[in-house]
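Colleague: Below is a structure I'd like to ask you about.
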Amino acid sequence: MKKLAEVELSGFGKFPKAVCQVSRPLNIDEIRGYLNESSVTPRGLGRSYGDAALNEKGIVTESVLMNRFLSFDESRGIVKCEAGVTYKDLLDTFVLKGWFPPVTPGTKYVTIGGAIASDVHGKNHHIDGSISNFVKSFKILSASGEILKCSRTQNSDLFWATVGGMGLTGFITEAEIQLKKVDSQYINNKTLKLHNIDELFEKFEEFNEDYLYSVAWLDTVASGSKYGRNILYLGNHSSYNKLPEKFKNKSRERFIEKKIAVPFEIPFATLNKLSVTMFNAAIYMKEKNVEDYLHYDKYFYPLDFILNWNHIYSKNGLIQYQLNVPEEEGKEAIDKILKKVVAYGGGSFLAVLKKMGDQNGILSFPFKGYTLSMDFPVRKGVIQMCKQLDAIVLDYDGRTYLTKDSILDETTFKKMYDGLWQKWLEIKIKYDPYYKFSSNLGRRIGLCPS
Amino acid sequence: MPLLVLGANSLIAQAASANFAEAGHEIIFAGRNKEELSKIAGDFNIRYKVNCLTEYFDALDYANHRKFVETVFTISPELNYALIVFGYLGTQEKAQSDFTEAHKIINSNYTGVVSACELIAAEFESRKKGSIAIISSVAGDRGRQSNYMYGSAKAGLSAYSQGLRNRLFKSGVNVLTIKPGFVDTPMTYGMPLPKLLVASPKKVGKDIYKAMIKGKNVIYTPFYWWWIMKIVKSIPETIFKKLKL
Ligand SMILES: Cc1cc2nc3c(=O)[nH]c(=O)nc-3n(C[C@H](O)[C@H](O)[C@H](O)COP(=O)(O)OP(=O)(O)OC[C@H]3O[C@@H](n4cnc5c(N)ncnc54)[C@H](O)[C@@H]3O)c2cc1C
Ligand SMILES: NC(=O)c1ccc[n+]([C@@H]2O[C@H](COP(=O)([O-])OP(=O)(O)OC[C@H]3O[C@@H](n4cnc5c(N)ncnc54)[C@H](OP(=O)(O)O)[C@@H]3O)[C@@H](O)[C@H]2O)c1
C-alpha cells in the first residue's frame, strides 16, 4: 500500500525549500511501486544541506523506518544493517562493546544510506579515507526493480558510482560495514592555538601522521595581525588504562545525551557581523594549548545536543560552502579564499580546515589536498560571493561538496568534476537508462535531465 | 520477566518493547508478519542483548487464540507482561456503506482483543500475578462523525479494560488502559494533523513502559491529551452534534 504526504522539505540548511510528495516505506516493494510511476529520490535524515534529498518532480522515499540491524560479528566488528540505521544507533549499540564508527561526520543524526551516498569523511580522512573504505558491500534497489549486491568485486562499477553518487543510482537497502576497535569512550585530544595559516600547515606536516584525528577551526572574521588565526585539534582514541581515574567508570557506562532545543526559527538574523565576530573571537580566547580527554560525543558531535540548531540561522536558512583544493598550491588557494571571505565581512560562524587523503568513489568529494568548510546565512550578496569563491576553487583545480551544496550550476559543476561526471554518467545510464532516480540536485547540476 | 506483545509490528509496540528490552526483559513478538517479526527480534538481540521470540498471531483468527496463548505460556513460562497493541483505523466513509469494513474495524479493535485477552487474563488470574496493558484511544472518549466506527470500537475496548481491571484487582493482576492521542506511525502518515499535537512513537512507548512498570490504571499519552479530552468531553451534546469533527 502506498501512502504519500505532501511536505515542504529542505535540507539542514533550510535553503532551498520545495514541496515534495514524501513516502516512508516499510519495505522495498513499496518503493518498487513508486518506481513504476515516477522518479524517486532516496532520503535519510535530511542532514545534507541543500537539495540532494529533494524531488519536486517525483517522490521522496525516506529510509527511516527501514532501520534494523541484521547481523553483527562481534569478534571482527562487522555489522550488517538496513540503510535507515543511524550513526546514533551505531554508537548506542556498539561503543560499549568496543567498536566505533570507522568514519564519522560531525553529527550522529545521519543514516548509513546517506553516509554512503555522500561518501562522508571525518576528522580521520588524512589517514583512513572516507566511509566507503569501510563499506564491505551494500545492496541497492536499482531502477529495474532488482536488488543488486555491490562490492569491490561484485557489480563494482555500480559500487563506485554509488559511493558519493548522491542517491542517483538507486536506493541502498542495506550495508555491511567494518567498525573500528576502540578501548574506551574517550579521545585523547591535543589543542594547539596557532597564529596563522603558515603555522597551521607546518603543524599538519609535523603531527598528522601521529594523530588519527586532525582538524582546525579557522577564524574567518579576524583581519590585520590576527588574520588567519586558528586552533588545531588533534586526537587519538584513548586506551582505557591511560584514562584519568575520573573517566574510567564513565567509560564503561552507557552514554545518555541530554538535549536542549531551539524550539522555533528565530525570526530575525541572530548572526550578524557583530555576533559572528564576537563568537569567533570568543572561541579563540577560550581555547588554550592543552592535552586532555574528551568524551566522543563532545569531540565529534559538539552541536548535536542542541536540537535544531540550524534554527539560529533564521528562516532564510544558510549556505554551507565546502571546498577541496589539491595539496600543491593548497596553502595559496586557502589564503586567497580566506582573504575573500574576510573582505566579504559576513564571516562564517563555524569554519573548519582539514588536510585530506585520497579519493574513493567516482563522484566522491574528498581527494588529496585541503578542505575548508564555512557557513553563511542566506542574505543579499551571499550567492554572488560564493560564485566568486567557485572561481578561485576552479582556478586551483578544486571542487565543492555536493552534499553541502545548494548553488552550483551545471557548467561550474561539470568543470569541477570534469572527467569524473562523464565516467559516472556512463554507469548511471547502464543501470538507470530512464533516469528513474533523480533529484532536484541531480537536475540542477545536469546529472539528470530536467 | 518476559513481555508478550500482540501486534508487534507497530512502531508503538516496538518503542514500548525497546524500553523493556533495555531493562533486560525477554520479549515475545506476536503478529501476522513472521518475516518482519524475526527481523525485529534479530535487531533487538543486537541492540539490547536480550533473547527475543516470535509467534504467529492473527487477531481475527479467534479459533486459534487458545492454542496461541497455550504456546506462548509454554515457551515462556515466566511470562508476566502482556501488551495488546494491534488495531485497525480503517476508512470511516467506506465503513458507512460497506459493512465488511465496519465489521473489520470492530473486530480488529474490539472482538479480537476480547478473544485473546480473556485467555491471557485467565492464566494471569490463576497465577495471581501478571500485568496487562491495552491500547485504546482518545477516539473512544467521544464519538465523532469522522471516525466513529473506530472510535466506538475503542470506546468498547476502554470499557472492557475497565471491567477487566475491576475483576482482576483481587488477583493482584494489573490492567492498564492506554489512550494515545495522535502518534506519528503508518496509521496516521500523510493525514493533515496539527503538527504540534503529533507525538513520536518513542515518547508514547516510554509512557507505556513507565505506566506498566508502575502498575497504573489509565494513561493518556502524551499527558496533555487528558486536558484536551476533558474539554472535548465537556462540550454539551446539543453543541457537539453541530461541530465538524
Ligand atoms: C552538523 C553537520 C555536520 C556534518 N559533518 C559532516 C562531515 O564532517 N563530513 C561529511 O562528509 N559530511 C558531513 N555532514 C553532511 C552529512 O554527513 C551528509 O549530508 C549525509 O549524507 C547526510 O545523511 P542523511 O542520512 O541525513 O541523508 P540525506 O541528507 O537525507 O540524503 C543525503 C544524500 O544521500 C542520499 N541517500 C540517503 N539515503 C539513501 C539511501 N538509502 N540510498 C541511496 N541514497 C541515499 C540522498 O538521496 C541524498 O543525495 C554534516 C552535516 C551536518 C548537518
Ligand atoms: N497512531 C495513532 O495516532 C494512534 C492513536 C491512538 C491509538 N492508536 C492505537 O495504537 C495501536 C498501534 O497503532 P499504530 O499507530 O502503531 O498503527 P499501525 O502501524 O497501523 O499498527 C497496527 C498494528 O496492528 C496490527 N494488526 C492489525 N490487524 C491485526 C490482526 N488482525 N492481527 C494481528 N495484528 C493486527 C498490524 O499488523 P501488520 O503489521 O501485520 O499489518 C500493525 O502492526 C493501535 O491499537 C491503534 O489503534 C494509534
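By order of appearance in the C-alpha cells: chains A, B, ..., then residues from 1 within every chain, and ligands from 1 in the order shown.
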Could you list, as a list in words, the residues of chain B having an atom within 6 Å of chain A when counting only C-alpha atoms?
Modeller: Asp43, Arg47 and Gly190 of chain B
Colleague: For ligand 1, list the contacting residues at 6 Å or closer, counting only C-alpha atoms and all ligand atoms, as an MDAnalysis selection string.
Modeller: chainID A and resid 12 41:48 52:53 63 83 105:107 110:111 113:115 117:118 120:122 166:167 170:173 403
Colleague: Within 6 Å of ligand 2 (counting only C-alpha atoms and all ligand atoms), which residues show up? I'd like them as JSON, numbers by chain.
Modeller: {"B": [7, 8, 9, 10, 11, 12, 31, 32, 33, 57, 58, 59, 60, 85, 86, 87, 88, 108, 135, 136, 137, 180, 181, 182, 183, 184, 185, 186, 187, 188]}
Colleague: When DSSP works through the backbone of this structure, what residues of stretch 107-340 of chain A end up as strand (DSSP E or B), shown as a ChimeraX atom specification?
Modeller: /A:111,135-141,147-151,171-178,180-181,186-194,213-218,230-237,260-261,290-295,306-307,318-326
Colleague: I'd like the contact shell of B:Thr74 - 12 Å cut-off, only C-alpha atoms, skipping same-chain residues fewer than 6 positions apart - returned as a PyMOL selection string.
Modeller: chain B and resi 28+67-68+123
Colleague: Using atom CA of A:Thr400 and atom CA of A:Thr162 as the two end points, give the distance in Å to one decimal.
Modeller: 18.1 Å
Colleague: Leaving out A:Thr412 and any residue of its chain fewer than 3 positions from it, which residues lie within 12 Å of it when counting only C-alpha atoms, given as an mmCIF file with N, CA and C atoms, in the first residue's frame?
Modeller:
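Dumped everything to selection.cif:
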```cif
data_model
loop_
_atom_site.group_PDB
_atom_site.id
_atom_site.type_symbol
_atom_site.label_atom_id
_atom_site.label_comp_id
_atom_site.auth_asym_id
_atom_site.auth_seq_id
_atom_site.Cartn_x
_atom_site.Cartn_y
_atom_site.Cartn_z
ATOM 1 N N CYS A 386 29.754 33.461 -3.052
ATOM 2 C CA CYS A 386 30.106 32.048 -3.223
ATOM 3 C C CYS A 386 30.530 31.766 -4.667
ATOM 4 N N LYS A 387 29.898 32.431 -5.599
ATOM 5 C CA LYS A 387 30.284 32.244 -7.010
ATOM 6 C C LYS A 387 31.724 32.727 -7.228
ATOM 7 N N GLN A 388 32.072 33.781 -6.517
ATOM 8 C CA GLN A 388 33.459 34.251 -6.635
ATOM 9 C C GLN A 388 34.423 33.223 -6.031
ATOM 10 N N LEU A 389 33.969 32.604 -4.934
ATOM 11 C CA LEU A 389 34.800 31.545 -4.349
ATOM 12 C C LEU A 389 34.932 30.386 -5.346
ATOM 13 N N ASP A 390 33.815 30.051 -5.995
ATOM 14 C CA ASP A 390 33.841 28.991 -7.016
ATOM 15 C C ASP A 390 34.961 29.246 -8.037
ATOM 16 N N ALA A 391 35.056 30.504 -8.465
ATOM 17 C CA ALA A 391 36.052 30.839 -9.492
ATOM 18 C C ALA A 391 37.465 30.558 -8.985
ATOM 19 N N ILE A 392 37.718 30.917 -7.730
ATOM 20 C CA ILE A 392 39.054 30.648 -7.175
ATOM 21 C C ILE A 392 39.281 29.137 -7.083
ATOM 22 N N VAL A 393 38.255 28.440 -6.579
ATOM 23 C CA VAL A 393 38.368 26.984 -6.419
ATOM 24 C C VAL A 393 38.685 26.330 -7.773
ATOM 25 N N LEU A 394 37.970 26.751 -8.798
ATOM 26 C CA LEU A 394 38.207 26.205 -10.142
ATOM 27 C C LEU A 394 39.614 26.513 -10.634
ATOM 28 N N ASP A 395 40.041 27.714 -10.361
ATOM 29 C CA ASP A 395 41.372 28.154 -10.747
ATOM 30 C C ASP A 395 42.455 27.219 -10.223
ATOM 31 N N ASP A 397 41.947 24.011 -9.592
ATOM 32 C CA ASP A 397 41.518 22.626 -9.854
ATOM 33 C C ASP A 397 40.856 21.979 -8.656
ATOM 34 N N GLY A 398 40.106 22.768 -7.920
ATOM 35 C CA GLY A 398 39.401 22.214 -6.758
ATOM 36 C C GLY A 398 37.936 21.975 -7.077
ATOM 37 N N ARG A 399 37.192 21.629 -6.047
ATOM 38 C CA ARG A 399 35.754 21.378 -6.226
ATOM 39 C C ARG A 399 35.010 21.630 -4.928
ATOM 40 N N THR A 400 33.696 21.678 -5.005
ATOM 41 C CA THR A 400 32.906 21.814 -3.781
ATOM 42 C C THR A 400 32.101 20.530 -3.558
ATOM 43 N N ILE A 407 24.033 25.810 -4.555
ATOM 44 C CA ILE A 407 24.141 26.909 -5.520
ATOM 45 C C ILE A 407 24.864 26.573 -6.828
ATOM 46 N N LEU A 408 25.548 25.450 -6.904
ATOM 47 C CA LEU A 408 26.308 25.141 -8.125
ATOM 48 C C LEU A 408 25.403 25.126 -9.352
ATOM 49 N N ASP A 409 25.906 25.643 -10.463
ATOM 50 C CA ASP A 409 25.168 25.472 -11.716
ATOM 51 C C ASP A 409 25.859 24.382 -12.521
ATOM 52 N N LYS A 415 32.781 21.519 -14.734
ATOM 53 C CA LYS A 415 34.212 21.862 -14.746
ATOM 54 C C LYS A 415 34.901 21.282 -13.514
ATOM 55 N N MET A 416 34.240 21.422 -12.377
ATOM 56 C CA MET A 416 34.859 20.946 -11.134
ATOM 57 C C MET A 416 35.062 19.429 -11.146
ATOM 58 N N TYR A 417 34.090 18.726 -11.706
ATOM 59 C CA TYR A 417 34.149 17.265 -11.706
ATOM 60 C C TYR A 417 34.449 16.728 -13.106
ATOM 61 N N ASP A 418 35.221 17.486 -13.873
ATOM 62 C CA ASP A 418 35.487 17.103 -15.256
ATOM 63 C C ASP A 418 36.226 15.765 -15.313
ATOM 64 N N ARG A 444 19.635 20.064 -11.216
ATOM 65 C CA ARG A 444 20.281 21.382 -11.196
ATOM 66 C C ARG A 444 21.686 21.332 -11.782
ATOM 67 N N ILE A 445 22.434 20.254 -11.475
ATOM 68 C CA ILE A 445 23.816 20.206 -11.941
ATOM 69 C C ILE A 445 23.964 19.366 -13.217
ATOM 70 N N GLY A 446 22.851 18.984 -13.801
ATOM 71 C CA GLY A 446 22.903 18.346 -15.107
ATOM 72 C C GLY A 446 23.318 16.888 -15.099
#
```
Colleague: May I have the residues within 9 Å of stretch 142-157 of chain B as a ChimeraX atom specification, using only C-alpha atoms and disregarding those fewer than 6 positions away in the same chain?
Modeller: /B:88-93,95-96,102,105-111,113-114,134-136,177,229,232-233,240-241,244-245
Colleague: Using only C-alpha atoms, which residues sit within 7 Å of B:Ile132 once same-chain residues fewer than 2 positions away are excluded, as a list in words?
Modeller: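 What passes the distance filter is Tyr81, Ala82, Leu83, Gly130, Ile134, Asn174, Val175 and Leu176 of chain B.
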Colleague: Fewer than 5 positions away in the same chain doesn't count, so skip those; otherwise give me all residues within 7 Å of stretch 97-100 of chain A, counting only C-alpha atoms, as a VMD selection string.
Modeller: chain A and resid 77 91 179 to 183
Colleague: Got time to write the residues from that selection, N, CA, C and O atoms, as a compact mmCIF listing (two decimals), in the first residue's frame?
Modeller:
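And here is the file that came out, part-v6.txt:
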```txt
# COMPACT_ATOMS: atom_id res chain seq x y z
N GLY A 77 33.93 -7.24 14.37
CA GLY A 77 33.39 -5.89 14.30
C GLY A 77 32.73 -5.56 12.98
O GLY A 77 32.79 -4.42 12.52
N LEU A 91 26.46 4.06 17.55
CA LEU A 91 27.17 4.43 18.78
C LEU A 91 26.50 3.81 20.00
O LEU A 91 27.16 3.20 20.85
N LEU A 179 33.61 -1.94 11.54
CA LEU A 179 33.77 -0.93 12.59
C LEU A 179 35.22 -0.90 13.06
O LEU A 179 36.02 -1.77 12.74
N LYS A 180 35.52 0.13 13.85
CA LYS A 180 36.88 0.31 14.35
C LYS A 180 36.96 -0.09 15.81
O LYS A 180 36.13 0.32 16.62
N LYS A 181 37.96 -0.86 16.16
CA LYS A 181 38.11 -1.33 17.55
C LYS A 181 38.57 -0.17 18.44
O LYS A 181 39.52 0.53 18.10
N VAL A 182 37.86 0.04 19.52
CA VAL A 182 38.32 1.05 20.49
C VAL A 182 38.30 0.45 21.90
O VAL A 182 37.60 -0.52 22.16
N ASP A 183 39.03 1.11 22.78
CA ASP A 183 39.19 0.57 24.12
C ASP A 183 38.48 1.42 25.17
O ASP A 183 38.34 1.05 26.32
```
Colleague: With distances taken over only C-alpha atoms, which of B:Ser171, B:Thr71, B:Thr54, B:Ser97 is nearest to B:Lys34?
Modeller: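 Counting only C-alpha atoms, the residue closest to B:Lys34 is B:Thr54.
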Colleague: When DSSP is applied to the backbone of this structure, which of stretch 112-303 of chain A are assigned alpha helix (DSSP H)? Write them out as a PyMOL selection string.
Modeller: chain A and resi 112-117+125-128+156-162+197-207+245-251+273-286+296-300
Colleague: Using only C-alpha atoms, which of the listed residues (A:Ile131, A:Ile306, A:Leu200, A:Ile427) sits closest to A:Phe365?
Modeller: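 Checking each of A:Ile131, A:Ile306, A:Leu200, A:Ile427 against A:Phe365, counting only C-alpha atoms, the winner is A:Ile131.
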